[in-house]
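> One structure coming up, written as C-alpha cells, with questions to follow.
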Amino acid sequence: MNLQALADLSSQWPDLRLLTEPGDLEHYGRDWTRRWTPSPLAIALPASIDEVQGIMRWANQHKVAIVPSGGRTGLSGGAVAANGELVLSLARMNRVLGFDAVDRTLTVQPGIALEAVHTAAREHGLIYPVDFAARGSCSIGGNIATNAGGIRVIRYGNTREWIAGLKVVAGNGELLDLNRGLIKNSSGYDLRQLMIGSEGTLGIVVEATLRLTDPPPASQVMLLALPDMDALMQVFALFRERLSLQAFEFFTDVALKHVLAHGAQRAIDGDYPYYVVTEFDTVDERAQETALATFEQGVEQGLIADGVMAQSDAQAAALWRLREGITESLAAHKPYKNDISVRIGAVQGFLQEIQALLTREYPHMEVVWFGHIGDGNLHINVLKPGTLSDAEFIAQCEHVTKLLAETLQRHAGSISAEHGIGLVKRAYLESTRSTAEIALMRGVKAVFDPNGILNPGKLFA
Ligand code: 2HG
Ligand code: ZN
C-alpha cells in the first residue's frame with residue numbers, strides 16, 4: 001500500500017529525489033541514539049518549499065507518517081524512523097538566502113550546518129552565538145526543533161532567543177510565515193515560539209531568519225581542578241560575581257579519563273575529582289588581573305586545587321577539547337544518556353541528592369557526569385558494562401531514570417534540558433509537564449497536524 005503511495009509521490013513530483021537503497025534507509029533512518037533499527041519506507045530530499053508542501057499534502061492523502069530530518073545528531077531519538085515512515089531530509093536545502101545589515105539577520109535554509117551559519121555571520125563581522133560540539137554536523141532546522149542550548153547559554157540563552165522569523169510547513173501542508181523578522185510584534189499568539197522545541201511534531205521549518213550580534217570582546221579560557229563537588233557551585237558563584245562569563249562547564253575525573261584516552265591532551269598534572277572549563281571576557285589588563293585574583297581567592301578558600309590559564313588560541317582550543325570531546329569519547333561504550341536541568345539555585349542540593357541515588361543504583365557501572373552547570377544543565381552518561389546485554393542495560397537505566405525523574409519533580413526540574421524528549425524520554429514527560437499542560441500540548445498537535453502525520457510517537461505516545 002505504501003509502495004503504491006510512493007509511486008504516486010514520484011509521479012506527482014518527478015524531480016523529487018527519493019532514495020530507497022538499504023544503505024540510504026539505514027543512514028537516514030537513525031540519529032546518534034543507536035537504540036532503534038532504522039526501517040523507513042524511503043528518504044525524500046526536497047530542494048524547495050513547494051516540494052516540502054507537496055510531500056506533506058501527499059502524506060495526508062495517503063496517511064503516511066513523516067520523520068523530519070536534519071543532521072541526525074540528536075540524542076533523544078527524535079529523528080529515528082523505525083516504523084515505515086517517509087524520512088523528509090532537509091539536507092539539500094542548506095543555503096544562506098540573505099543577510100540584512102540593518103536588521104542584523106541572516107536568512108537560511110534549514111539544512112545548513114550550525115558551523116556554516118557561524119562562518120556566514122563572521123563574514124559580516126557578526127556572530128550567531130548558539131554553539132556546541134556537534135556544530136559541524138547538526139543542522140539549524142534540528143537546532144530549532146529542539147531549542148538547542150549548548151556551551152554559551154549562560155551568556156546568550158537558547159536557540160529560542162535568536163529566531164527572528166520562521167517559515168514552516170504545518171502538518172496539513174499549509175505554509176506559515178511566522179513573525180517575519182519583527183522585533184516587536186504584539187499581535188497575539190507567537191506561533192514561531194511554539195514551533196521552536198516542538199521536535200518536528202507540528203511543522204517542518206523550511207526557512208529561518210536568525211538574529212546576529214556583535215562578537216564578544218577578547219576572552220580567556222581557564223581550566224580549574226576542584227577538590228570536591230561542594231566547591232563546584234561556590235566557584236561558579238565566585239567567578240560569576242567577579243568576571244563576565246561566556247561559559248562555565250564541568251566534568252568529572254571519569255569523563256577526563258575517557259577524553260584523554262581518546263586523544264585529548266592532559267593540561268593539569270595530578271588527579272582531582274571535578275574540573276571546570278570557563279571562558280570570560282578580558283577587555284583589558286585589569287580584567288586579566290581580576291581573573292588571576294579570583295582564581296587565587298578560590299585557592300585560598302580551598303575551593304580550587306589547581307588551574308591553567310590558556311596562553312594561546314591553540315591552548316584555549318585544547319582546554320575546550322577536554323570538555324567538548326567527551327560525547328565522542330564515550331560513544332563506543334553505548335552510553336545511556338540523561339540530560340536534565342534544575343534552577344541554578346537548586347543545583348547544589350540536587351547534585352548531592354542524585355549523587356547518592358546514582359551511587360546506590362549503579363554500583364557496578366561507570367557513570368560519567370558533565371555539562372553546562374552554569375545554567376543548571378547536567379549530562380549523565382551511564383556506560384554499558386560488557387556483562388549486560390543491551391536490553392538488560394537499558395531496562396536497568398530506565399528503572400534509575402524513573403527514580404531520577406521523581407527527584408527532578410521534587411526539585412521542579414526538567415527531564416530534558418536541551419536534547420528534547422523524542423522517543424527516549426517520552427515515558428518521563430509527566431515528571432516535568434503537568435497533566436493539564438500535556439492535554440493542551442496534544443490539543444495543539446491536533447490543530448497543526450490533524451492526521452497525526454508528523455513525527456508520530458515522538459514527544460508523546
Ligand atoms: C554536550 O553538552 C552535548 O556535550 C552532549 O549536549 C551531551 O553526550 C551528552 O550526553
Ligand atoms: Zn549539552
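For the C-alpha cells, the naming scheme is as follows: chains receive sequential letters (A, B, ...) according to their order of presentation, residues are indexed from 1 within each chain, and ligands are indexed from 1 in presentation order.
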If we count only C-alpha atoms, what is near Ile163 in chain A at a cut-off of 9 Å, once residues fewer than 2 positions away on the same chain are taken out, given as a ChimeraX atom specification?
/A:144,159-161,165-166,181,192-193,196,208-211
> Report as a PyMOL selection string all protein, DNA and RNA residues lying within 8 Å of range 17-25 of chain A, evaluated on only C-alpha atoms, omitting residues in the same chain fewer than 4 positions from it.
chain A and resi 10+29+38-46
> Would you write out those residues with C-alpha atoms, as a compact mmCIF listing (two decimals), in the first residue's frame?

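Done, and the output landed in result_22.txt:
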```
# COMPACT_ATOMS: atom_id res chain seq x y z
CA SER A 10 7.17 10.09 -7.55
CA GLY A 29 16.68 6.36 9.44
CA PRO A 38 16.02 2.00 11.10
CA SER A 39 13.25 0.90 8.74
CA PRO A 40 11.91 3.89 6.82
CA LEU A 41 9.75 3.50 3.73
CA ALA A 42 12.03 5.82 1.76
CA ILE A 43 14.01 9.04 2.02
CA ALA A 44 12.78 12.21 0.30
CA LEU A 45 15.26 15.02 -0.26
CA PRO A 46 13.23 18.02 -1.37
```
> How close does each residue of chain A get to ligand 2, giving the shortest atom pair and distance in Å to one decimal for every residue with an atom at most 8 Å away, counting only C-alpha atoms and all ligand atoms, sorted by chain and residue number, as a Markdown table?

```
| residue | atom | partner | partner_atom_place_in_ligand_line | distance |
| --- | --- | --- | --- | --- |
| A:Phe132 | CA | ligand 2 | 1 (Zn) | 7.3 |
| A:Gly149 | CA | ligand 2 | 1 (Zn) | 7.0 |
| A:Gly150 | CA | ligand 2 | 1 (Zn) | 5.1 |
| A:Ile151 | CA | ligand 2 | 1 (Zn) | 6.9 |
| A:Asp339 | CA | ligand 2 | 1 (Zn) | 7.5 |
| A:Gly371 | CA | ligand 2 | 1 (Zn) | 5.8 |
| A:His372 | CA | ligand 2 | 1 (Zn) | 6.4 |
| A:Asn377 | CA | ligand 2 | 1 (Zn) | 7.5 |
| A:Leu378 | CA | ligand 2 | 1 (Zn) | 7.7 |
| A:His379 | CA | ligand 2 | 1 (Zn) | 6.7 |
| A:Glu418 | CA | ligand 2 | 1 (Zn) | 6.8 |
| A:His419 | CA | ligand 2 | 1 (Zn) | 7.6 |
```
> So how many Å separate CA of Gln220 in chain A and CA of Ala318 in chain A, to one decimal?
12.8 Å
> Using only C-alpha atoms and all ligand atoms, determine which residues fall within 10 Å of ligand 1, then list them as an MDAnalysis selection string.
chainID A and resid 32 73:75 131:134 148:151 249:250 323:331 335:340 368:372 377:382 417:419
> Extract the full set of helix (DSSP H, G or I) residues from range 261-371 of chain A according to DSSP on the backbone, and format it as a ChimeraX atom specification.
/A:261,285-300,313-324,326-333,344-361
> Counting only C-alpha atoms, which residue out of A:Ser389, A:Ser431, A:Gln352, A:Gln301 sits closest to Ser414 in chain A?
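Result for the nearest residue to Ser414 in chain A: A:Ser431.
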> Tell me, counting only C-alpha atoms, for each residue of range 48-157 of chain A within 12 Å of range 268-285 of chain A, which pair of atoms is nearest and how far apart they are in Å to one decimal, in rows ordered by chain and increasing number, as a Markdown table.

```
| residue | atom | partner | partner_atom | distance |
| --- | --- | --- | --- | --- |
| A:Ile151 | CA | A:Thr278 | CA | 9.8 |
| A:Arg152 | CA | A:Glu279 | CA | 9.3 |
| A:Ile154 | CA | A:Glu279 | CA | 10.8 |
| A:Arg155 | CA | A:Phe280 | CA | 9.8 |
```
> Applying 12 Å and only C-alpha atoms, which residues near His124 in chain A remain after dropping the ones on its own chain fewer than 2 positions away? List them as a ChimeraX atom specification.
/A:98-102,104-106,117-122,126-128,212-215
> Can I get the selected residues back with N, CA and C atoms, as a short mmCIF file (atom, residue, chain, number, x, y, z; two decimals), in the first residue's frame?

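Output contents, as saved in again.cif:
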```
data_model
loop_
_atom_site.label_atom_id
_atom_site.label_comp_id
_atom_site.auth_asym_id
_atom_site.auth_seq_id
_atom_site.Cartn_x
_atom_site.Cartn_y
_atom_site.Cartn_z
N GLY A 98 20.16 35.09 2.56
CA GLY A 98 20.35 36.55 2.56
C GLY A 98 20.82 37.07 3.90
N PHE A 99 21.42 38.26 3.85
CA PHE A 99 21.88 38.94 5.07
C PHE A 99 21.28 40.33 5.06
N ASP A 100 20.77 40.78 6.18
CA ASP A 100 20.23 42.14 6.26
C ASP A 100 21.06 42.91 7.29
N ALA A 101 21.85 43.89 6.78
CA ALA A 101 22.79 44.61 7.64
C ALA A 101 22.06 45.53 8.63
N VAL A 102 20.91 46.04 8.25
CA VAL A 102 20.19 46.95 9.14
C VAL A 102 19.53 46.14 10.27
N ARG A 104 20.37 43.17 11.02
CA ARG A 104 21.39 42.23 11.50
C ARG A 104 20.80 40.81 11.62
N THR A 105 20.27 40.35 10.50
CA THR A 105 19.72 38.99 10.46
C THR A 105 20.30 38.25 9.26
N LEU A 106 20.32 36.93 9.42
CA LEU A 106 20.79 36.05 8.36
C LEU A 106 19.63 35.09 8.07
N VAL A 117 26.60 28.47 9.54
CA VAL A 117 25.92 29.69 9.99
C VAL A 117 26.93 30.59 10.71
N HIS A 118 27.77 29.98 11.56
CA HIS A 118 28.81 30.76 12.26
C HIS A 118 29.71 31.46 11.25
N THR A 119 30.14 30.71 10.23
CA THR A 119 31.05 31.27 9.23
C THR A 119 30.38 32.43 8.49
N ALA A 120 29.14 32.21 8.09
CA ALA A 120 28.42 33.25 7.33
C ALA A 120 28.26 34.52 8.18
N ALA A 121 27.96 34.34 9.46
CA ALA A 121 27.79 35.51 10.34
C ALA A 121 29.11 36.27 10.46
N ARG A 122 30.20 35.53 10.64
CA ARG A 122 31.53 36.16 10.81
C ARG A 122 31.95 36.93 9.56
N LEU A 126 29.81 39.72 12.39
CA LEU A 126 28.87 39.47 13.50
C LEU A 126 28.96 38.00 13.91
N ILE A 127 28.23 37.63 14.94
CA ILE A 127 28.20 36.20 15.32
C ILE A 127 26.76 35.72 15.49
N TYR A 128 26.59 34.42 15.26
CA TYR A 128 25.37 33.72 15.69
C TYR A 128 25.84 32.93 16.92
N LEU A 212 21.62 38.09 14.58
CA LEU A 212 23.07 38.04 14.83
C LEU A 212 23.41 39.12 15.84
N THR A 213 24.61 39.04 16.38
CA THR A 213 25.02 40.07 17.35
C THR A 213 26.51 40.36 17.21
N ASP A 214 26.97 41.37 17.96
CA ASP A 214 28.40 41.72 17.93
C ASP A 214 29.23 40.60 18.52
N PRO A 215 30.44 40.39 17.99
CA PRO A 215 31.32 39.41 18.62
C PRO A 215 31.64 39.87 20.04
#
```
